[in-house]
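The file entry.cif contains mmCIF, C-alpha atoms:
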data_protein
#
loop_
_atom_site.label_atom_id
_atom_site.label_comp_id
_atom_site.auth_asym_id
_atom_site.auth_seq_id
_atom_site.Cartn_x
_atom_site.Cartn_y
_atom_site.Cartn_z
CA MET A 8 87.77 -147.53 13.47
CA GLU A 9 89.35 -144.24 12.58
CA LYS A 10 87.16 -141.51 11.20
CA LEU A 11 87.19 -137.77 10.58
CA THR A 12 84.89 -135.28 12.27
CA VAL A 13 83.87 -132.64 9.75
CA LYS A 14 82.49 -129.28 10.89
CA ALA A 15 81.07 -126.74 8.46
CA PHE A 16 80.57 -123.04 9.15
CA GLY A 17 78.88 -119.98 7.68
CA ILE A 18 77.50 -120.34 4.19
CA ILE A 19 79.15 -123.77 3.82
CA ALA A 20 77.06 -125.15 6.69
CA GLU A 21 73.93 -124.12 4.79
CA LYS A 22 74.98 -126.10 1.71
CA LEU A 23 75.49 -129.37 3.55
CA PRO A 24 72.81 -131.60 5.11
CA GLU A 25 74.48 -131.32 8.51
CA GLN A 26 76.82 -128.85 10.19
CA GLU A 27 78.83 -131.57 11.86
CA PHE A 28 79.25 -135.16 10.69
CA TYR A 29 81.62 -138.10 10.60
CA PHE A 30 83.44 -138.94 7.41
CA PRO A 31 85.63 -141.98 6.55
CA GLN A 32 89.31 -141.48 7.38
CA GLN A 33 91.39 -140.22 4.42
CA GLN A 34 95.13 -140.26 3.67
CA ASP A 35 95.55 -136.53 3.29
CA THR A 36 93.56 -133.36 2.80
CA GLU A 37 93.68 -133.55 -0.99
CA GLU A 38 92.04 -136.97 -0.92
CA LEU A 39 89.55 -135.64 1.62
CA LEU A 40 88.64 -132.67 -0.57
CA ASN A 41 88.05 -134.91 -3.58
CA SER A 42 85.85 -137.23 -1.55
CA LEU A 43 83.89 -134.28 -0.17
CA TYR A 44 83.44 -132.83 -3.68
CA ASP A 45 82.12 -136.23 -4.86
CA GLU A 46 79.71 -136.46 -1.96
CA TYR A 47 78.63 -132.78 -1.95
CA PRO A 48 79.01 -131.36 -5.48
CA ASP A 49 77.80 -127.92 -4.27
CA LEU A 50 81.14 -127.46 -2.52
CA ARG A 51 82.99 -127.35 -5.85
CA ASN A 52 81.96 -123.77 -6.53
CA MET A 53 82.53 -122.49 -3.07
CA ASP A 54 85.41 -120.58 -1.59
CA PHE A 55 86.63 -122.12 1.65
CA SER A 56 89.74 -123.06 3.60
CA LEU A 57 90.44 -126.16 5.63
CA ALA A 58 91.50 -126.38 9.24
CA VAL A 59 92.91 -129.62 10.63
CA ASN A 60 92.62 -129.86 14.41
CA GLN A 61 91.92 -126.11 14.57
CA GLN A 62 94.96 -125.15 12.54
CA LEU A 63 94.45 -123.54 9.15
CA ILE A 64 96.36 -125.44 6.46
CA GLN A 65 97.84 -123.89 3.33
CA GLN A 66 98.87 -127.05 1.45
CA ASN A 67 98.12 -130.74 1.20
CA THR A 68 98.48 -132.20 4.68
CA ARG A 69 98.85 -135.81 5.79
CA LEU A 70 96.05 -137.12 8.03
CA ARG A 71 97.02 -139.64 10.73
CA GLY A 72 93.61 -140.52 12.13
CA ASN A 73 90.55 -139.08 13.89
CA GLU A 74 91.26 -135.47 12.96
CA GLU A 75 88.76 -132.66 13.37
CA ILE A 76 88.34 -131.05 9.95
CA ALA A 77 86.68 -127.64 9.54
CA LEU A 78 85.37 -126.13 6.32
CA LEU A 79 85.80 -122.38 6.68
CA PRO A 80 84.37 -119.84 4.25
CA PRO A 81 86.06 -116.39 4.22
CA PHE A 82 85.90 -114.88 7.70
CA SER A 83 83.57 -111.94 8.25
CA GLY A 84 83.77 -111.08 11.90
CA GLY A 85 83.87 -107.60 13.41
CA MET B 10 95.45 -44.54 24.26
CA GLU B 11 96.50 -47.73 22.60
CA LYS B 12 97.95 -50.49 24.72
CA LEU B 13 98.71 -54.19 24.60
CA THR B 14 97.09 -56.81 26.82
CA VAL B 15 99.70 -59.39 27.76
CA LYS B 16 98.68 -62.83 29.05
CA ALA B 17 101.16 -65.33 30.41
CA PHE B 18 100.59 -69.07 30.80
CA GLY B 19 102.14 -72.13 32.42
CA ILE B 20 105.61 -71.71 33.82
CA ILE B 21 105.90 -68.21 32.29
CA ALA B 22 102.98 -66.99 34.39
CA GLU B 23 104.90 -68.06 37.49
CA LYS B 24 107.92 -65.94 36.48
CA LEU B 25 105.94 -62.71 36.08
CA PRO B 26 104.34 -60.65 38.82
CA GLU B 27 100.93 -60.95 37.12
CA GLN B 28 99.34 -63.41 34.73
CA GLU B 29 97.61 -60.67 32.79
CA PHE B 30 98.66 -57.03 32.48
CA TYR B 31 98.66 -54.03 30.19
CA PHE B 32 101.84 -53.04 28.39
CA PRO B 33 102.61 -49.94 26.27
CA GLN B 34 101.81 -50.36 22.58
CA GLN B 35 104.81 -51.45 20.49
CA GLN B 36 105.55 -51.28 16.76
CA ASP B 37 106.08 -54.95 16.24
CA THR B 38 106.67 -58.20 18.15
CA GLU B 39 110.45 -57.87 18.04
CA GLU B 40 110.26 -54.51 19.76
CA LEU B 41 107.76 -55.98 22.22
CA LEU B 42 110.03 -58.91 23.05
CA ASN B 43 112.98 -56.60 23.72
CA SER B 44 110.86 -54.41 25.97
CA LEU B 45 109.58 -57.45 27.84
CA TYR B 46 113.12 -58.78 28.26
CA ASP B 47 114.19 -55.39 29.70
CA GLU B 48 111.28 -55.33 32.10
CA TYR B 49 111.39 -59.03 33.07
CA PRO B 50 114.95 -60.36 32.65
CA ASP B 51 113.85 -63.87 33.77
CA LEU B 52 112.12 -64.27 30.41
CA ARG B 53 115.47 -64.24 28.56
CA ASN B 54 116.27 -67.81 29.51
CA MET B 55 112.83 -69.18 28.89
CA ASP B 56 111.41 -71.06 25.95
CA PHE B 57 108.13 -69.57 24.75
CA SER B 58 106.16 -68.61 21.65
CA LEU B 59 104.04 -65.55 21.03
CA ALA B 60 100.43 -65.42 19.95
CA VAL B 61 98.95 -62.19 18.64
CA ASN B 62 95.17 -62.07 18.94
CA GLN B 63 95.12 -65.83 19.54
CA GLN B 64 97.19 -66.65 16.48
CA LEU B 65 100.62 -68.18 16.94
CA ILE B 66 103.25 -66.15 15.09
CA GLN B 67 106.46 -67.53 13.57
CA GLN B 68 108.22 -64.30 12.64
CA ASN B 69 108.36 -60.63 13.52
CA THR B 70 104.83 -59.27 13.17
CA ARG B 71 103.61 -55.67 12.90
CA LEU B 72 101.33 -54.52 15.72
CA ARG B 73 98.54 -52.10 14.82
CA GLY B 74 97.10 -51.34 18.24
CA ASN B 75 95.38 -52.93 21.24
CA GLU B 76 96.44 -56.47 20.44
CA GLU B 77 96.11 -59.35 22.87
CA ILE B 78 99.57 -60.86 23.26
CA ALA B 79 100.08 -64.29 24.81
CA LEU B 80 103.36 -65.75 26.09
CA LEU B 81 103.10 -69.50 25.57
CA PRO B 82 105.59 -72.02 26.95
CA PRO B 83 105.75 -75.42 25.15
CA PHE B 84 102.32 -77.05 25.26
CA SER B 85 101.85 -80.09 27.48
CA GLY B 86 98.20 -81.02 27.25
CA GLY B 87 96.80 -84.52 27.02
CA MET C 10 103.77 -115.89 34.11
CA THR C 11 102.05 -117.93 31.41
CA ARG C 12 98.91 -116.52 29.91
CA LYS C 13 96.08 -118.88 29.01
CA PRO C 14 93.47 -118.53 26.26
CA LYS C 15 90.53 -116.61 27.67
CA ASN C 16 87.04 -116.26 26.37
CA ILE C 17 86.49 -113.35 23.99
CA PHE C 18 82.88 -114.10 23.07
CA VAL C 19 79.89 -112.25 24.41
CA GLU C 20 76.32 -113.38 23.75
CA GLY C 21 74.52 -110.54 21.92
CA PRO C 22 75.63 -106.90 21.71
CA ILE C 23 78.39 -105.34 23.83
CA SER C 24 76.83 -102.68 26.07
CA SER C 25 78.27 -99.22 26.66
CA GLU C 26 78.10 -100.03 30.39
CA LYS C 27 80.46 -102.95 29.85
CA ILE C 28 82.86 -100.64 28.01
CA ALA C 29 82.65 -98.06 30.80
CA GLN C 30 83.28 -100.76 33.41
CA SER C 31 86.29 -101.97 31.49
CA ILE C 32 87.73 -98.44 31.33
CA GLN C 33 86.97 -97.89 35.03
CA ASN C 34 88.80 -101.12 35.95
CA HIS C 35 92.03 -99.60 34.65
CA SER C 36 92.09 -96.58 36.96
CA ALA C 37 94.03 -98.59 39.54
CA LYS C 38 96.83 -99.20 37.04
CA THR C 39 98.66 -95.91 37.42
CA ASN C 40 101.48 -96.83 35.04
CA ILE C 41 99.01 -96.49 32.15
CA GLY C 42 99.12 -93.22 30.21
CA ALA C 43 97.10 -94.08 27.12
CA HIS C 44 94.18 -96.27 26.11
CA SER C 45 93.21 -96.99 22.53
CA ILE C 46 89.76 -98.44 21.90
CA PHE C 47 88.15 -99.73 18.73
CA LEU C 48 84.43 -100.44 18.50
CA GLY C 49 82.69 -102.16 15.62
CA GLN C 50 79.03 -101.14 15.20
CA VAL C 51 76.45 -102.85 12.98
CA ARG C 52 75.51 -100.66 10.00
CA ALA C 53 72.09 -100.43 8.36
CA ASP C 54 73.55 -101.03 4.89
CA GLU C 55 71.27 -101.31 1.89
CA LYS C 56 71.36 -104.86 0.52
CA GLU C 57 69.34 -106.47 -2.26
CA GLY C 58 66.57 -103.90 -2.18
CA SER C 59 66.26 -104.03 1.59
CA VAL C 60 68.18 -102.81 4.63
CA VAL C 61 70.27 -104.70 7.19
CA SER C 62 68.45 -104.84 10.53
CA ALA C 63 70.91 -107.06 12.42
CA ILE C 64 73.90 -109.35 12.01
CA GLU C 65 73.89 -112.86 13.41
CA TYR C 66 77.41 -113.99 14.34
CA THR C 67 78.64 -117.55 14.55
CA ALA C 68 82.17 -118.78 15.18
CA TYR C 69 84.32 -121.87 15.22
CA GLU C 70 84.80 -121.11 18.89
CA GLU C 71 87.62 -123.46 19.90
CA MET C 72 89.75 -122.39 16.95
CA ALA C 73 88.86 -118.71 17.39
CA LEU C 74 89.99 -118.75 21.03
CA LEU C 75 93.27 -120.45 20.13
CA LYS C 76 93.82 -117.93 17.35
CA ALA C 77 92.92 -114.97 19.56
CA PHE C 78 95.42 -116.24 22.11
CA GLU C 79 98.12 -116.56 19.46
CA ILE C 80 97.40 -113.00 18.23
CA ARG C 81 97.44 -111.65 21.82
CA GLU C 82 100.82 -113.23 22.48
CA ALA C 83 102.27 -111.82 19.26
CA ILE C 84 100.98 -108.32 20.00
CA PHE C 85 102.24 -108.43 23.60
CA GLU C 86 105.60 -109.49 22.19
CA LYS C 87 105.71 -106.68 19.64
CA TYR C 88 104.38 -103.74 21.68
CA GLU C 89 104.97 -102.59 25.25
CA LEU C 90 101.45 -102.95 26.55
CA THR C 91 100.03 -102.96 30.03
CA CYS C 92 96.70 -104.56 29.07
CA MET C 93 94.84 -105.90 26.09
CA HIS C 94 91.18 -106.91 25.86
CA ILE C 95 89.17 -108.38 23.00
CA TYR C 96 85.41 -108.94 23.00
CA HIS C 97 83.37 -110.17 20.03
CA SER C 98 79.66 -110.78 19.91
CA LEU C 99 78.00 -114.06 19.03
CA GLY C 100 74.33 -114.34 18.09
CA GLU C 101 72.21 -111.41 17.04
CA VAL C 102 73.42 -107.80 17.15
CA LYS C 103 71.02 -105.14 15.86
CA THR C 104 72.02 -102.11 13.78
CA GLY C 105 73.52 -99.39 15.95
CA GLU C 106 74.72 -101.93 18.50
CA ILE C 107 78.37 -102.80 19.22
CA CYS C 108 79.70 -106.19 18.02
CA LEU C 109 83.47 -105.78 18.56
CA PHE C 110 85.39 -104.12 21.39
CA VAL C 111 89.20 -104.02 21.27
CA PHE C 112 91.06 -102.24 24.06
CA THR C 113 94.82 -101.69 24.46
CA SER C 114 96.63 -99.76 27.20
CA SER C 115 100.21 -98.62 27.44
CA LYS C 116 102.48 -96.11 29.10
CA HIS C 117 102.65 -94.03 25.91
CA ARG C 118 100.17 -93.36 23.17
CA GLU C 119 102.09 -94.69 20.15
CA MET C 120 102.23 -98.24 21.52
CA ALA C 121 98.56 -98.32 22.52
CA ILE C 122 97.38 -96.87 19.19
CA ASP C 123 99.57 -99.02 16.93
CA ALA C 124 98.78 -102.21 18.86
CA CYS C 125 95.04 -101.55 18.74
CA GLU C 126 95.09 -100.96 15.00
CA GLU C 127 97.08 -104.15 14.31
CA LEU C 128 94.87 -106.13 16.65
CA VAL C 129 91.67 -105.05 14.87
CA GLU C 130 93.21 -105.91 11.51
CA ARG C 131 94.28 -109.38 12.64
CA ILE C 132 90.95 -110.09 14.34
CA LYS C 133 89.05 -109.22 11.17
CA ASN C 134 91.36 -111.30 8.97
CA GLU C 135 92.23 -114.28 11.11
CA LEU C 136 89.40 -115.15 13.50
CA PRO C 137 87.00 -117.82 12.22
CA VAL C 138 83.87 -115.75 12.79
CA TRP C 139 81.03 -115.24 10.32
CA GLY C 140 78.32 -112.62 10.16
CA LYS C 141 74.98 -113.21 8.47
CA GLU C 142 73.16 -109.99 7.66
CA LEU C 143 69.46 -110.18 8.47
CA LEU C 144 67.42 -107.89 6.24
CA GLU C 145 64.24 -105.99 7.00
CA ASN C 146 62.40 -107.90 4.26
CA GLN C 147 63.25 -111.18 6.07
CA GLY C 148 66.04 -111.90 3.59
CA GLU C 149 69.51 -112.97 4.65
CA LYS C 150 72.96 -112.34 3.25
CA TRP C 151 76.32 -113.64 4.40
CA LYS C 152 78.56 -110.70 5.18
CA VAL C 153 81.74 -110.21 3.16
CA ASN C 154 84.64 -108.33 4.77
CA THR C 155 86.39 -105.93 2.42
CA MET D 17 75.97 -76.33 7.28
CA THR D 18 78.58 -74.26 9.09
CA ARG D 19 80.09 -75.68 12.21
CA LYS D 20 80.93 -73.40 15.11
CA PRO D 21 83.67 -73.76 17.72
CA LYS D 22 82.31 -75.79 20.59
CA ASN D 23 83.62 -76.21 24.07
CA ILE D 24 86.07 -79.07 24.53
CA PHE D 25 86.96 -78.37 28.16
CA VAL D 26 85.66 -80.35 31.10
CA GLU D 27 86.29 -79.29 34.72
CA GLY D 28 88.20 -82.12 36.43
CA PRO D 29 88.50 -85.75 35.22
CA ILE D 30 86.44 -87.29 32.42
CA SER D 31 84.27 -90.06 33.88
CA SER D 32 83.78 -93.49 32.34
CA GLU D 33 80.02 -92.78 32.52
CA LYS D 34 80.50 -89.78 30.22
CA ILE D 35 82.41 -91.97 27.78
CA ALA D 36 79.68 -94.65 27.92
CA GLN D 37 77.00 -91.99 27.35
CA SER D 38 78.91 -90.65 24.38
CA ILE D 39 79.17 -94.14 22.85
CA GLN D 40 75.49 -94.81 23.57
CA ASN D 41 74.48 -91.56 21.84
CA HIS D 42 75.83 -92.95 18.56
CA SER D 43 73.61 -96.02 18.42
CA ALA D 44 70.98 -94.05 16.53
CA LYS D 45 73.48 -93.28 13.74
CA THR D 46 73.18 -96.53 11.83
CA ASN D 47 75.54 -95.47 9.06
CA ILE D 48 78.44 -95.78 11.53
CA GLY D 49 80.46 -98.99 11.34
CA ALA D 50 83.53 -98.10 13.38
CA HIS D 51 84.46 -95.96 16.37
CA SER D 52 88.01 -95.17 17.38
CA ILE D 53 88.60 -93.80 20.88
CA PHE D 54 91.73 -92.47 22.53
CA LEU D 55 91.92 -91.86 26.27
CA GLY D 56 94.75 -90.13 28.08
CA GLN D 57 95.18 -91.21 31.70
CA VAL D 58 97.35 -89.51 34.33
CA ARG D 59 100.38 -91.65 35.23
CA ALA D 60 102.02 -91.92 38.65
CA ASP D 61 105.47 -91.18 37.21
CA GLU D 62 108.46 -90.87 39.49
CA LYS D 63 109.73 -87.29 39.51
CA GLU D 64 112.46 -85.66 41.58
CA GLY D 65 112.46 -88.30 44.28
CA SER D 66 108.69 -88.27 44.57
CA VAL D 67 105.67 -89.53 42.62
CA VAL D 68 103.07 -87.67 40.57
CA SER D 69 99.73 -87.67 42.38
CA ALA D 70 97.77 -85.43 39.98
CA ILE D 71 98.13 -83.06 37.05
CA GLU D 72 96.64 -79.59 37.15
CA TYR D 73 95.67 -78.39 33.68
CA THR D 74 95.36 -74.80 32.54
CA ALA D 75 94.70 -73.48 29.04
CA TYR D 76 94.57 -70.34 26.98
CA GLU D 77 90.94 -71.20 26.47
CA GLU D 78 89.85 -68.82 23.71
CA MET D 79 92.86 -69.72 21.56
CA ALA D 80 92.53 -73.44 22.35
CA LEU D 81 88.89 -73.48 21.21
CA LEU D 82 89.76 -71.66 17.98
CA LYS D 83 92.63 -74.08 17.37
CA ALA D 84 90.50 -77.14 18.17
CA PHE D 85 87.91 -75.87 15.70
CA GLU D 86 90.58 -75.40 13.02
CA ILE D 87 91.89 -78.93 13.65
CA ARG D 88 88.34 -80.39 13.57
CA GLU D 89 87.65 -78.74 10.22
CA ALA D 90 90.92 -80.00 8.74
CA ILE D 91 90.28 -83.57 9.94
CA PHE D 92 86.67 -83.53 8.66
CA GLU D 93 88.07 -82.34 5.33
CA LYS D 94 90.71 -85.08 5.15
CA TYR D 95 88.73 -88.10 6.40
CA GLU D 96 85.18 -89.33 5.77
CA LEU D 97 83.86 -89.10 9.28
CA THR D 98 80.37 -89.22 10.70
CA CYS D 99 81.29 -87.70 14.06
CA MET D 100 84.23 -86.32 15.99
CA HIS D 101 84.40 -85.41 19.67
CA ILE D 102 87.21 -83.92 21.73
CA TYR D 103 87.18 -83.47 25.51
CA HIS D 104 90.12 -82.22 27.57
CA SER D 105 90.20 -81.70 31.33
CA LEU D 106 90.98 -78.44 33.08
CA GLY D 107 91.92 -78.23 36.75
CA GLU D 108 93.04 -81.19 38.79
CA VAL D 109 93.04 -84.77 37.47
CA LYS D 110 94.39 -87.45 39.80
CA THR D 111 96.57 -90.39 38.73
CA GLY D 112 94.48 -93.14 37.16
CA GLU D 113 91.85 -90.65 36.00
CA ILE D 114 91.11 -89.69 32.39
CA CYS D 115 92.22 -86.23 31.14
CA LEU D 116 91.71 -86.56 27.37
CA PHE D 117 88.93 -88.24 25.39
CA VAL D 118 89.07 -88.23 21.59
CA PHE D 119 86.33 -90.03 19.66
CA THR D 120 85.96 -90.48 15.90
CA SER D 121 83.28 -92.44 14.02
CA SER D 122 83.09 -93.49 10.41
CA LYS D 123 81.51 -95.97 8.05
CA HIS D 124 84.75 -97.97 7.84
CA ARG D 125 87.50 -98.63 10.34
CA GLU D 126 90.49 -97.16 8.47
CA MET D 127 89.02 -93.64 8.40
CA ALA D 128 88.02 -93.69 12.08
CA ILE D 129 91.37 -95.08 13.22
CA ASP D 130 93.59 -92.80 11.11
CA ALA D 131 91.56 -89.70 11.98
CA CYS D 132 91.69 -90.45 15.70
CA GLU D 133 95.44 -90.93 15.65
CA GLU D 134 96.04 -87.68 13.75
CA LEU D 135 93.64 -85.82 16.01
CA VAL D 136 95.45 -86.94 19.17
CA GLU D 137 98.80 -85.94 17.69
CA ARG D 138 97.56 -82.49 16.70
CA ILE D 139 95.82 -81.90 20.05
CA LYS D 140 99.02 -82.72 21.93
CA ASN D 141 101.16 -80.51 19.69
CA GLU D 142 98.92 -77.58 18.89
CA LEU D 143 96.51 -76.86 21.73
CA PRO D 144 97.69 -74.20 24.21
CA VAL D 145 97.18 -76.38 27.28
CA TRP D 146 99.66 -76.91 30.11
CA GLY D 147 99.89 -79.60 32.75
CA LYS D 148 101.55 -79.07 36.09
CA GLU D 149 102.46 -82.30 37.83
CA LEU D 150 101.63 -82.24 41.53
CA LEU D 151 103.94 -84.53 43.49
CA GLU D 152 103.21 -86.54 46.62
CA ASN D 153 105.90 -84.58 48.52
CA GLN D 154 103.98 -81.34 47.76
CA GLY D 155 106.47 -80.48 45.00
CA GLU D 156 105.36 -79.32 41.55
CA LYS D 157 106.80 -79.84 38.11
CA TRP D 158 105.64 -78.47 34.77
CA LYS D 159 104.92 -81.37 32.46
CA VAL D 160 106.97 -81.71 29.28
CA ASN D 161 105.43 -83.56 26.31
CA THR D 162 107.84 -85.86 24.52
#
Exercise: express the given structure as structure tokens:
Amino acid sequence: MEKLTVKAFGIIAEKLPEQEFYFPQQQDTEELLNSLYDEYPDLRNMDFSLAVNQQLIQQNTRLRGNEEIALLPPFSGG
Amino acid sequence: MEKLTVKAFGIIAEKLPEQEFYFPQQQDTEELLNSLYDEYPDLRNMDFSLAVNQQLIQQNTRLRGNEEIALLPPFSGG
Amino acid sequence: MTRKPKNIFVEGPISSEKIAQSIQNHSAKTNIGAHSIFLGQVRADEKEGSVVSAIEYTAYEEMALLKAFEIREAIFEKYELTCMHIYHSLGEVKTGEICLFVFTSSKHREMAIDACEELVERIKNELPVWGKELLENQGEKWKVNT
Amino acid sequence: MTRKPKNIFVEGPISSEKIAQSIQNHSAKTNIGAHSIFLGQVRADEKEGSVVSAIEYTAYEEMALLKAFEIREAIFEKYELTCMHIYHSLGEVKTGEICLFVFTSSKHREMAIDACEELVERIKNELPVWGKELLENQGEKWKVNT
């Protein structure tokens, strides 16, 4: 069965029970975000971007199956 | 008796018999340049600036006595 | 020649010996006239009534390496460079230690300097790396880049 | 605190160990967040049917130190810097070796980077230093900065 792998980083990882977990497959990233907000209400107030298969996305993106999703708070390297 | 100390650098030093020499005191840098050109005609075709007491000058400058004069070809450090 | 993504991450601080070695390695490349180097050093900033004693870095490594590769290619395309090196720390780096080392080399200074500056800017803005400031009073604070 | 002119000249090439030591010396200054370094390296340019094997540097030393001091003061005035170091070689520096080392440090990267770039530009344009290129065929050619 298809499923998403969700990875959380930085301050987001601290707000979730696990840093990496499976999540039921979703149609697109908007649906995914809503499902994540339902499951983890803390995320609603947080600033983060989404990457799908290691590519940052700027708008709602169709999911075809088994993607790796990353929740990325603002970068602070260097 | 008052006299100028003349120092030559870089390619200019190679065109003069000595890198450092005394020269009769002159009224100003224009007079000095003309005297130098008379004494060392090779200088006429060369590109150089003058420093008086380690300060680069941009225009004719009065000489008061015993100055250190430097003949400076274009810089090429670094 | 195709270039492949290479590792940019170093566990812990970047030593001055490593930087010296990297400079030394370029002495055989006699078409180089200019090197530009940027080093990021961990500051003992005052935070929440305490002082930063270290930063602990984590990264989304696979994505960061892909992104670093993409940035490298774009910079090589834009500037005439002989070499380009990027090193970023992971894990704990104490105040006064080096956490980022960016190194560009070119025939002439303008290219090396401009490329290095753009590279640092893009690394800071685009690499999925996070710093958590560890405070002397045992507190913690996620770093925010300005 | 008044600053005094300090020596910037080094006999022969600048070693990577000296650069490493200089970086290491700043680890105690925990208000520094960014270092910008520029290195000039002698190129094996083709000249007059031969190849440059070394550059021999001479300077009007007293004037160069006064000028370097004036430039330092102006740059300290313009940028918020923690430290600034300038080293220039005199005498012979072979191809692949370092002849100029400029080092600026600041709390934030913009200041360090901009100051370093301006410093390099002013050193090249304003210091009474001359390089004579020594060619492999025993020829010599006075260097011209572009």
Would you mind reading off the distance between CA of Ser83 in chain A and CA of Phe28 in chain A, one decimal, in Å?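 These two atoms are separated by 23.7 Å.
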Any idea which chain A residues end up within 7 Å of chain C if we count only C-alpha atoms, as an mmCIF file with C-alpha atoms, in the frame of the given file please?
data_model
loop_
_atom_site.group_PDB
_atom_site.id
_atom_site.type_symbol
_atom_site.label_atom_id
_atom_site.label_comp_id
_atom_site.auth_asym_id
_atom_site.auth_seq_id
_atom_site.Cartn_x
_atom_site.Cartn_y
_atom_site.Cartn_z
ATOM 1 C CA GLY A 17 78.880 -119.980 7.680
ATOM 2 C CA ILE A 18 77.500 -120.340 4.190
ATOM 3 C CA GLN A 61 91.920 -126.110 14.570
ATOM 4 C CA PHE A 82 85.900 -114.880 7.700
ATOM 5 C CA SER A 83 83.570 -111.940 8.250
ATOM 6 C CA GLY A 84 83.770 -111.080 11.900
ATOM 7 C CA GLY A 85 83.870 -107.600 13.410
#
Just fit chain B onto chain A on all the Cα atoms, in order, by least squares, and give it as a compact mmCIF listing (two decimals) with C-alpha atoms, in the frame of the given file.
# COMPACT_ATOMS: atom_id res chain seq x y z
CA MET B 10 87.79 -147.52 13.54
CA GLU B 11 89.36 -144.26 12.60
CA LYS B 12 87.17 -141.51 11.23
CA LEU B 13 87.18 -137.79 10.59
CA THR B 14 84.89 -135.29 12.28
CA VAL B 15 83.88 -132.65 9.75
CA LYS B 16 82.49 -129.29 10.87
CA ALA B 17 81.07 -126.75 8.46
CA PHE B 18 80.57 -123.04 9.15
CA GLY B 19 78.87 -119.98 7.69
CA ILE B 20 77.49 -120.33 4.20
CA ILE B 21 79.12 -123.77 3.81
CA ALA B 22 77.05 -125.14 6.68
CA GLU B 23 73.93 -124.10 4.78
CA LYS B 24 75.01 -126.10 1.70
CA LEU B 25 75.49 -129.38 3.58
CA PRO B 26 72.81 -131.56 5.10
CA GLU B 27 74.49 -131.32 8.53
CA GLN B 28 76.80 -128.85 10.20
CA GLU B 29 78.81 -131.58 11.85
CA PHE B 30 79.23 -135.18 10.69
CA TYR B 31 81.60 -138.11 10.61
CA PHE B 32 83.44 -138.95 7.41
CA PRO B 33 85.65 -141.96 6.55
CA GLN B 34 89.32 -141.46 7.38
CA GLN B 35 91.39 -140.22 4.42
CA GLN B 36 95.13 -140.26 3.69
CA ASP B 37 95.55 -136.56 3.28
CA THR B 38 93.55 -133.35 2.79
CA GLU B 39 93.68 -133.56 -1.00
CA GLU B 40 92.05 -136.97 -0.92
CA LEU B 41 89.54 -135.65 1.61
CA LEU B 42 88.64 -132.67 -0.57
CA ASN B 43 88.05 -134.91 -3.59
CA SER B 44 85.85 -137.23 -1.55
CA LEU B 45 83.89 -134.28 -0.19
CA TYR B 46 83.45 -132.85 -3.69
CA ASP B 47 82.11 -136.25 -4.87
CA GLU B 48 79.70 -136.47 -1.97
CA TYR B 49 78.63 -132.79 -1.97
CA PRO B 50 79.02 -131.34 -5.49
CA ASP B 51 77.80 -127.90 -4.28
CA LEU B 52 81.14 -127.46 -2.52
CA ARG B 53 83.00 -127.33 -5.86
CA ASN B 54 81.95 -123.77 -6.56
CA MET B 55 82.52 -122.49 -3.07
CA ASP B 56 85.40 -120.57 -1.58
CA PHE B 57 86.63 -122.13 1.66
CA SER B 58 89.75 -123.06 3.61
CA LEU B 59 90.45 -126.17 5.63
CA ALA B 60 91.52 -126.38 9.24
CA VAL B 61 92.92 -129.62 10.63
CA ASN B 62 92.61 -129.87 14.40
CA GLN B 63 91.90 -126.13 14.57
CA GLN B 64 94.94 -125.16 12.54
CA LEU B 65 94.45 -123.54 9.15
CA ILE B 66 96.37 -125.43 6.47
CA GLN B 67 97.86 -123.90 3.31
CA GLN B 68 98.89 -127.05 1.45
CA ASN B 69 98.11 -130.74 1.19
CA THR B 70 98.49 -132.20 4.68
CA ARG B 71 98.86 -135.82 5.79
CA LEU B 72 96.06 -137.13 8.02
CA ARG B 73 97.02 -139.61 10.74
CA GLY B 74 93.62 -140.51 12.14
CA ASN B 75 90.57 -139.06 13.89
CA GLU B 76 91.27 -135.47 12.95
CA GLU B 77 88.76 -132.67 13.36
CA ILE B 78 88.34 -131.06 9.94
CA ALA B 79 86.69 -127.66 9.54
CA LEU B 80 85.38 -126.14 6.30
CA LEU B 81 85.79 -122.38 6.68
CA PRO B 82 84.35 -119.83 4.26
CA PRO B 83 86.06 -116.37 4.22
CA PHE B 84 85.89 -114.86 7.70
CA SER B 85 83.58 -111.90 8.25
CA GLY B 86 83.77 -111.08 11.93
CA GLY B 87 83.89 -107.62 13.44
Selected by the PyMOL selection byres ((chain A and resi 29-33) around 6) in the shown coordinates: which residues, as a PyMOL selection string? chain A and resi 9-13+28+34-35+39
Using the chain letters and residue numbers of this document, give as a ChimeraX atom specification the residues selected by the PyMOL selection byres ((chain D) within 10 of (chain C)). /D:31-61,68-69,110-126,128-130,132-133,136-137,162
